[in-house]
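Contents: one structure, followed by commentary.
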Amino acid sequence: MITIKNETIAQVPSLHVVKESERLQPEVPTIFFFHGFTSAKEHNLHVAYLLAEKGFRVILPDALYHGERSEAESKVERDLAFWEIILTSIHELGFMKKELEESGTIKGDRIGVIGTSMGAITMFGALTQYPWIKTAVSFMGTAYYEAFAHGLIKTAENRGLMIEQKMKEEVLRKIKPFDLSTQLDKLEGRPLFIWHGKDDQVVPYTLSEKLYDELLANYEDTPDKLQLLAEEKIGHKVSRRAVLRSVDWFNQHLQTKVSS
């Protein structure tokens, strides 16, 4: 039986999904799942269920200003907080892992991260900070923080939103340390699965293709640890094929215990 428990972990409202028979077994491999912009933790339960069936513990947190953490801010205000939300989630991931370890809920080094859209952008930033992430999956995200930020600013200004130059510079300054595209060596050969629909009009598919091409040389000796799955005629929506492949990916790269 798969159980879903609403918990607060390091002050973050989260869902804890795992087989009931494995709930109290801290050695069960753990996956953190970050949702997309305007979404919430509950929206990825179908993926978490499939992962739990395979023997994973899945933690799905609500991002800042989302789900149980929603506030009465306007759409414009939340749009402007996009990078604040991402950076907050990256920092909270470290606190959540620490609390789960201290409580005896998790133990060991089999930890993965997956994200959808904004959540995948969060995942890429987390890879620059946490070497304990053993493998990761991106659903239609991007590691190119600065390039994507410039695109978001341009889109906002085309809609008539005026953004002060000082604010633009401050955003770029804050996100720079988390821009994986400028420090690809921090991946250190960790298994990475990238999925993207080629007709995505929100997060350009070309950014995933570019990342894959730039990483190829780093994975020449371990090509099985880097994979890009691109799907034709798919926009900004995760396909069932992507979901199933992500489950297979974690099953391949996170289930095997690492010798101490």
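Chain identifiers are assigned as A, B, and so on, following the order in which chains appear in the structure tokens; residues are numbered from 1 within each chain, and ligands are numbered from 1 in order of appearance.
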Residue set, range 75-205 of chain A restricted to strand (DSSP E or B), as a ChimeraX atom specification: /A:111-116,135-139,192-197
Near-Ser246 in chain A list (10 Å; only C-alpha atoms; drop same-chain fewer than 5 positions) as a list of chain:residue names: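 Contacts, with the query itself left out: A:Val47, A:Leu50, A:Leu51, A:Ile114, A:Ala136, A:Val137, A:Ser138, A:Phe139, A:Phe193, A:Ile194, A:Trp195, A:Arg240, A:Arg241, A:Asn251, A:Gln252.
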Neighbour list for Glu22 in chain A as a list in words, cut-off 9 Å, only C-alpha atoms, skip fewer than 6 positions in-chain: Val28, Gly55, Phe56 and Arg57 of chain A
Polymer residues at most 7 Å from range 117-126 of chain A, only C-alpha atoms, same-chain spacing of 2 or more positions, as a PyMOL selection string: chain A and resi 34-37+86+89-90+113-115+128-130+138-143+178-180
Keeping N, CA and C atoms for every residue in the selection just given, could you write it to a file as a PDB file, in the first residue's frame?
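File produced: again16.pdb:
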ATOM      1  N   PHE A  34      10.254  18.851  -7.173  1.00  0.00           N
ATOM      2  CA  PHE A  34       9.872  20.258  -7.184  1.00  0.00           C
ATOM      3  C   PHE A  34       8.873  20.536  -8.313  1.00  0.00           C
ATOM      4  N   HIS A  35       7.747  21.167  -7.956  1.00  0.00           N
ATOM      5  CA  HIS A  35       6.688  21.432  -8.935  1.00  0.00           C
ATOM      6  C   HIS A  35       6.968  22.705  -9.746  1.00  0.00           C
ATOM      7  N   GLY A  36       6.095  22.964 -10.700  1.00  0.00           N
ATOM      8  CA  GLY A  36       6.263  24.109 -11.582  1.00  0.00           C
ATOM      9  C   GLY A  36       5.592  25.382 -11.086  1.00  0.00           C
ATOM     10  N   PHE A  37       5.777  26.454 -11.847  1.00  0.00           N
ATOM     11  CA  PHE A  37       5.230  27.768 -11.518  1.00  0.00           C
ATOM     12  C   PHE A  37       3.704  27.723 -11.573  1.00  0.00           C
ATOM     13  N   ILE A  86      12.658  30.266  -6.699  1.00  0.00           N
ATOM     14  CA  ILE A  86      13.633  29.233  -7.036  1.00  0.00           C
ATOM     15  C   ILE A  86      14.774  29.184  -6.027  1.00  0.00           C
ATOM     16  N   SER A  89      13.689  27.697  -2.732  1.00  0.00           N
ATOM     17  CA  SER A  89      13.562  26.239  -2.787  1.00  0.00           C
ATOM     18  C   SER A  89      14.919  25.553  -2.729  1.00  0.00           C
ATOM     19  N   ILE A  90      15.909  26.139  -3.390  1.00  0.00           N
ATOM     20  CA  ILE A  90      17.250  25.555  -3.362  1.00  0.00           C
ATOM     21  C   ILE A  90      17.790  25.536  -1.931  1.00  0.00           C
ATOM     22  N   VAL A 113      16.852  14.153  -7.257  1.00  0.00           N
ATOM     23  CA  VAL A 113      15.989  15.325  -7.366  1.00  0.00           C
ATOM     24  C   VAL A 113      15.381  15.360  -8.761  1.00  0.00           C
ATOM     25  N   ILE A 114      14.102  15.689  -8.817  1.00  0.00           N
ATOM     26  CA  ILE A 114      13.390  15.826 -10.080  1.00  0.00           C
ATOM     27  C   ILE A 114      12.567  17.100 -10.026  1.00  0.00           C
ATOM     28  N   GLY A 115      12.370  17.737 -11.171  1.00  0.00           N
ATOM     29  CA  GLY A 115      11.570  18.951 -11.191  1.00  0.00           C
ATOM     30  C   GLY A 115      10.871  19.143 -12.515  1.00  0.00           C
ATOM     31  N   THR A 128      24.393  22.753  -8.266  1.00  0.00           N
ATOM     32  CA  THR A 128      25.599  23.560  -8.033  1.00  0.00           C
ATOM     33  C   THR A 128      25.950  23.642  -6.556  1.00  0.00           C
ATOM     34  N   GLN A 129      24.992  23.305  -5.695  1.00  0.00           N
ATOM     35  CA  GLN A 129      25.174  23.495  -4.254  1.00  0.00           C
ATOM     36  C   GLN A 129      25.347  22.205  -3.469  1.00  0.00           C
ATOM     37  N   TYR A 130      24.765  21.110  -3.948  1.00  0.00           N
ATOM     38  CA  TYR A 130      24.693  19.895  -3.137  1.00  0.00           C
ATOM     39  C   TYR A 130      25.306  18.694  -3.853  1.00  0.00           C
ATOM     40  N   SER A 138      15.227  16.364 -15.280  1.00  0.00           N
ATOM     41  CA  SER A 138      14.634  17.643 -15.663  1.00  0.00           C
ATOM     42  C   SER A 138      13.480  17.420 -16.629  1.00  0.00           C
ATOM     43  N   PHE A 139      12.304  17.869 -16.237  1.00  0.00           N
ATOM     44  CA  PHE A 139      11.165  17.935 -17.151  1.00  0.00           C
ATOM     45  C   PHE A 139      11.051  19.385 -17.615  1.00  0.00           C
ATOM     46  N   MET A 140      11.403  19.653 -18.852  1.00  0.00           N
ATOM     47  CA  MET A 140      11.249  20.959 -19.509  1.00  0.00           C
ATOM     48  C   MET A 140      11.758  22.128 -18.666  1.00  0.00           C
ATOM     49  N   GLY A 141      12.981  21.956 -18.131  1.00  0.00           N
ATOM     50  CA  GLY A 141      13.622  23.027 -17.383  1.00  0.00           C
ATOM     51  C   GLY A 141      14.806  23.584 -18.150  1.00  0.00           C
ATOM     52  N   THR A 142      15.636  24.387 -17.481  1.00  0.00           N
ATOM     53  CA  THR A 142      16.853  24.890 -18.105  1.00  0.00           C
ATOM     54  C   THR A 142      17.898  25.189 -17.046  1.00  0.00           C
ATOM     55  N   ALA A 143      19.159  24.943 -17.405  1.00  0.00           N
ATOM     56  CA  ALA A 143      20.282  25.244 -16.521  1.00  0.00           C
ATOM     57  C   ALA A 143      20.845  26.632 -16.799  1.00  0.00           C
ATOM     58  N   PHE A 178      24.192  30.171  -8.906  1.00  0.00           N
ATOM     59  CA  PHE A 178      23.393  28.954  -9.091  1.00  0.00           C
ATOM     60  C   PHE A 178      23.239  28.578 -10.564  1.00  0.00           C
ATOM     61  N   ASP A 179      23.908  29.324 -11.434  1.00  0.00           N
ATOM     62  CA  ASP A 179      23.816  29.095 -12.872  1.00  0.00           C
ATOM     63  C   ASP A 179      24.727  27.927 -13.249  1.00  0.00           C
ATOM     64  N   LEU A 180      24.146  26.747 -13.366  1.00  0.00           N
ATOM     65  CA  LEU A 180      24.928  25.541 -13.651  1.00  0.00           C
ATOM     66  C   LEU A 180      25.625  25.632 -14.998  1.00  0.00           C
TER      67      LEU A 180
END
DSSP-assigned alpha helix (DSSP H) among range 48-257 of chain A, expressed as a PyMOL selection string: chain A and resi 48-53+75-80+82-102+118-127+145-158+165-175+205-215+240-253
Atom pair CA of Lys41 in chain A / CA of Pro204 in chain A: separation (Å): 23.8 Å
Surrounding residues of Ser103 in chain A excluding itself and chain neighbours under 4 positions, 12 Å, only C-alpha atoms, as a list of chain:residue names: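 With the cut-off at 12 Å, the set is A:Ile9, A:Ala10, A:Leu24, A:Pro26, A:Met96, A:Lys97, A:Lys98, A:Glu99, A:Lys107.
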